[in-house]
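**Q** Here it is: the structure, laid out below.
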Amino acid sequence: MQVIPKLFLDYNPPMPLKQSEAIILRTYPLREADLLVTFFTRAEGKVKGVAKSAKRSQKRFGGALEPLTCVRAYWQDRAGSELARLDSCDVLLSPLSGEIDYARCVALSHVAEMLDELMPERETNDSVFRLAWAVLQNLESGAIWMPVTYFDLWMIRLLGFLPALDECIECGNSLAGQPAWFHALRDGLVCQQHRRIASSEMSLESREIAARMFRNPVDHFADEPLPASRLADLRKFLMQIIDRHLDRKLHTSAQLERLD
Ligand SMILES: [Zn+2]
């Protein structure tokens, strides 16, 4: 039997420094001066890491750890720990650079909560990353509803939770040009005949906009600011899908509803 010298067994090589575009999702205070940071990276999906002395030293992180800041993040994994060490971040786009009002804050928090709740740790998902990145560039004060609805629709589709919107899930009949209904306790849309008590109607307009959202990037809709009332049915339908999936309601979906 070959004997491995003890010295060799004890040797932990330093972990390489990793880097990726990333979106800061949330931070928690940790010990005296450190922050626990959850960030969604393009390279490795959602990562949790400790930013040493981030509360004390503004030099290294500055405003880079504000939720929803788009950054280039540098981190190191640590042997025997699920928590990485977040070394530094270069700000690429800060949500604070645009006008901040309450509605935009809620919308930004909603994107963060969706990513945090729905994305598993350390699972790369380039489509979801590109979606979130593009939506954040378009989430401007006074025009939150189109990008928020676009984000929810695509997010649910990319995660595989979205049923077909053009046919009744009971009988399979086409819903084109027909009224369509949805219910909190089941997936998908149904026709007039299969409508249950306490269903909500999904307007033809919302279904048409959803179909356009599947064919176009989010900035295609930048010149179509929407009042909250339009697409409210589509957002309700989408949030019911998320509620069923998580078995609870997102904090920010209740906040968004109160803005309506
Ligand atoms: Zn039917």
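A note on labels: chains of the structure tokens are A, B, ... as shown, every chain counts residues from 1, and ligands are counted from 1 in their shown order.
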Could you give me the residues within region 18-190 of chain A that DSSP places in strand (DSSP E or B), as a ChimeraX atom specification?
**A** /A:18-30,34-41,45-51,70-76,84-93,121,140,143,167,174,180-183,186-190
**Q** Could you tell me, counting only C-alpha atoms and all ligand atoms, which protein and nucleic acid residues lie no more than 12 Å from ligand 1, written as a list in words?
**A**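 Those residues are Asp166, Glu167, Cys168, Ile169, Glu170, Cys171, Gly172, Asn173, Ser174, Leu175, Gln178, Pro179, Ala180, Trp181, Phe182, Gly188, Leu189, Val190, Cys191, Gln192, Gln193, His194, Arg195 and Arg196 of chain A.
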**Q** Restricted to C-alpha atoms, what would the selected residues look like written as a PDB file, in the first residue's frame?
**A**
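Once everything was written out, this is result_28.pdb:
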```pdb
ATOM      1  CA  ASP A 166     -54.457  29.039 -26.575  1.00  0.00           C
ATOM      2  CA  GLU A 167     -56.577  26.018 -25.642  1.00  0.00           C
ATOM      3  CA  CYS A 168     -58.930  24.831 -22.896  1.00  0.00           C
ATOM      4  CA  ILE A 169     -57.099  22.468 -20.538  1.00  0.00           C
ATOM      5  CA  GLU A 170     -60.312  20.462 -20.039  1.00  0.00           C
ATOM      6  CA  CYS A 171     -61.536  19.852 -23.585  1.00  0.00           C
ATOM      7  CA  GLY A 172     -58.616  21.023 -25.726  1.00  0.00           C
ATOM      8  CA  ASN A 173     -60.815  23.374 -27.758  1.00  0.00           C
ATOM      9  CA  SER A 174     -59.095  26.437 -29.185  1.00  0.00           C
ATOM     10  CA  LEU A 175     -59.584  29.630 -27.187  1.00  0.00           C
ATOM     11  CA  GLN A 178     -63.187  33.028 -27.312  1.00  0.00           C
ATOM     12  CA  PRO A 179     -63.535  34.059 -23.672  1.00  0.00           C
ATOM     13  CA  ALA A 180     -61.081  32.244 -21.389  1.00  0.00           C
ATOM     14  CA  TRP A 181     -61.114  31.676 -17.630  1.00  0.00           C
ATOM     15  CA  PHE A 182     -58.674  30.715 -14.900  1.00  0.00           C
ATOM     16  CA  GLY A 188     -54.181  26.696 -17.403  1.00  0.00           C
ATOM     17  CA  LEU A 189     -57.133  28.374 -19.075  1.00  0.00           C
ATOM     18  CA  VAL A 190     -60.560  26.912 -19.696  1.00  0.00           C
ATOM     19  CA  CYS A 191     -63.410  27.682 -22.085  1.00  0.00           C
ATOM     20  CA  GLN A 192     -66.791  29.113 -21.105  1.00  0.00           C
ATOM     21  CA  GLN A 193     -68.258  25.635 -20.738  1.00  0.00           C
ATOM     22  CA  HIS A 194     -65.591  24.426 -18.288  1.00  0.00           C
ATOM     23  CA  ARG A 195     -65.507  27.549 -16.194  1.00  0.00           C
ATOM     24  CA  ARG A 196     -65.784  26.942 -12.437  1.00  0.00           C
TER      25      ARG A 196
END
```
**Q** Using only C-alpha atoms, which protein or nucleic acid residues come within 9 Å of Ala210 (chain A)? Drop anything in the same chain fewer than 5 positions from it, and give the result as a list in words.
**A**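 Near Ala210 (chain A), the qualifying residues are Thr149, Tyr150, Leu153, Leu165, Glu205, Arg215 and Leu234 of chain A.
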**Q** Identify, on the basis of only C-alpha atoms, every residue whose closest approach to region 92-103 of chain A does not exceed 7 Å; exclude the query and any residue fewer than 3 positions from it along the same chain; express the result as an NGL selection string.
**A** :A and (68-72 or 106-107 or 141)
**Q** Which is closest to Arg26 (chain A) among A:Ala112, A:Ile209, A:Leu259, A:Ala222, if we use only C-alpha atoms?
**A**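 For Arg26 (chain A), the nearest of the candidates is A:Ala112.
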**Q** Can you pull out every residue within 12 Å of His220 (chain A), counting only C-alpha atoms, but drop anything in the same chain fewer than 5 positions away, and send it as a list in words?
**A** Ala134, Val135, Asn138, Met146, Pro147, Tyr150, Ile209, Arg212, Met213, Phe214, Arg215 and Pro225 of chain A
**Q** Go ahead and save the picked residues with N, CA and C atoms, as an mmCIF file, in the first residue's frame.
**A**
```
data_model
loop_
_atom_site.group_PDB
_atom_site.id
_atom_site.type_symbol
_atom_site.label_atom_id
_atom_site.label_comp_id
_atom_site.auth_asym_id
_atom_site.auth_seq_id
_atom_site.Cartn_x
_atom_site.Cartn_y
_atom_site.Cartn_z
ATOM 1 N N ALA A 134 -31.933 41.837 -19.023
ATOM 2 C CA ALA A 134 -32.621 42.706 -19.984
ATOM 3 C C ALA A 134 -33.774 43.450 -19.318
ATOM 4 N N VAL A 135 -34.518 42.759 -18.453
ATOM 5 C CA VAL A 135 -35.659 43.406 -17.795
ATOM 6 C C VAL A 135 -35.171 44.528 -16.875
ATOM 7 N N ASN A 138 -34.704 47.746 -18.409
ATOM 8 C CA ASN A 138 -35.939 48.372 -18.900
ATOM 9 C C ASN A 138 -36.923 48.767 -17.805
ATOM 10 N N MET A 146 -45.168 46.793 -17.838
ATOM 11 C CA MET A 146 -44.804 45.966 -18.986
ATOM 12 C C MET A 146 -43.582 45.082 -18.672
ATOM 13 N N PRO A 147 -42.454 45.679 -18.178
ATOM 14 C CA PRO A 147 -41.308 44.815 -17.871
ATOM 15 C C PRO A 147 -41.578 43.791 -16.768
ATOM 16 N N TYR A 150 -43.663 41.060 -18.318
ATOM 17 C CA TYR A 150 -42.789 40.337 -19.258
ATOM 18 C C TYR A 150 -41.880 39.376 -18.492
ATOM 19 N N ILE A 209 -51.184 40.092 -25.972
ATOM 20 C CA ILE A 209 -49.914 40.703 -25.556
ATOM 21 C C ILE A 209 -48.939 39.606 -25.110
ATOM 22 N N ARG A 212 -47.359 38.180 -28.064
ATOM 23 C CA ARG A 212 -46.334 39.089 -28.600
ATOM 24 C C ARG A 212 -45.081 39.071 -27.744
ATOM 25 N N MET A 213 -45.253 38.928 -26.423
ATOM 26 C CA MET A 213 -44.085 38.878 -25.535
ATOM 27 C C MET A 213 -43.217 37.658 -25.830
ATOM 28 N N PHE A 214 -43.839 36.588 -26.292
ATOM 29 C CA PHE A 214 -43.058 35.397 -26.620
ATOM 30 C C PHE A 214 -42.234 35.590 -27.891
ATOM 31 N N ARG A 215 -42.646 36.538 -28.721
ATOM 32 C CA ARG A 215 -41.955 36.727 -30.002
ATOM 33 C C ARG A 215 -40.957 37.879 -29.995
ATOM 34 N N PRO A 225 -45.941 52.044 -22.580
ATOM 35 C CA PRO A 225 -46.168 52.001 -21.133
ATOM 36 C C PRO A 225 -47.617 51.619 -20.846
#
```
**Q** So that I can check the surroundings of Arg244 (chain A), please list as a list in words every protein, DNA and RNA residue that reaches within 10 Å of it, counting only C-alpha atoms and ignoring chain neighbours fewer than 6 positions away.
**A** Ala184, Leu185, Arg186 and Asp187 of chain A
**Q** Go through A:Leu86, A:Met202, A:Ala43, A:Leu238 one by one, measure the shortest atom-to-atom distance of each to Ser20 (chain A) using only C-alpha atoms, and give the residue with the smallest value.
**A**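 So, comparing all the options, the nearest one is A:Ala43.
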**Q** Between CA of Thr252 (chain A) and CA of Gln240 (chain A), what distance in Å does the model show, to one decimal?
**A**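 According to the coordinates, CA of Thr252 (chain A) and CA of Gln240 (chain A) are separated by 13.2 Å.
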**Q** When you count only C-alpha atoms, which of these residues is closest to Arg42 (chain A): A:Val91, A:Met114, A:Ala64, A:Ala132?
**A**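 Among the listed residues, the smallest separation from Arg42 (chain A) belongs to A:Ala132.
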**Q** Can you tell me which residues surround region 28-36 of chain A at a distance of at most 10 Å, considering only C-alpha atoms, apart from same-chain residues fewer than 5 positions away, and format the answer as a list in words?
**A** Lys48, Gly49, Val50, Ala51, Lys52, Ser53, Ala54, Lys55, Arg56, Ser57, Leu65, Leu83, Ala84, Arg85 and Leu86 of chain A
**Q** Taking the DSSP secondary structure from the backbone, can you list the residues of region 13-257 of chain A that are alpha helix (DSSP H), as number ranges by chain?
**A** A: 58-61, 102-118, 126-138, 145-158, 204-215, 232-246, 251-257
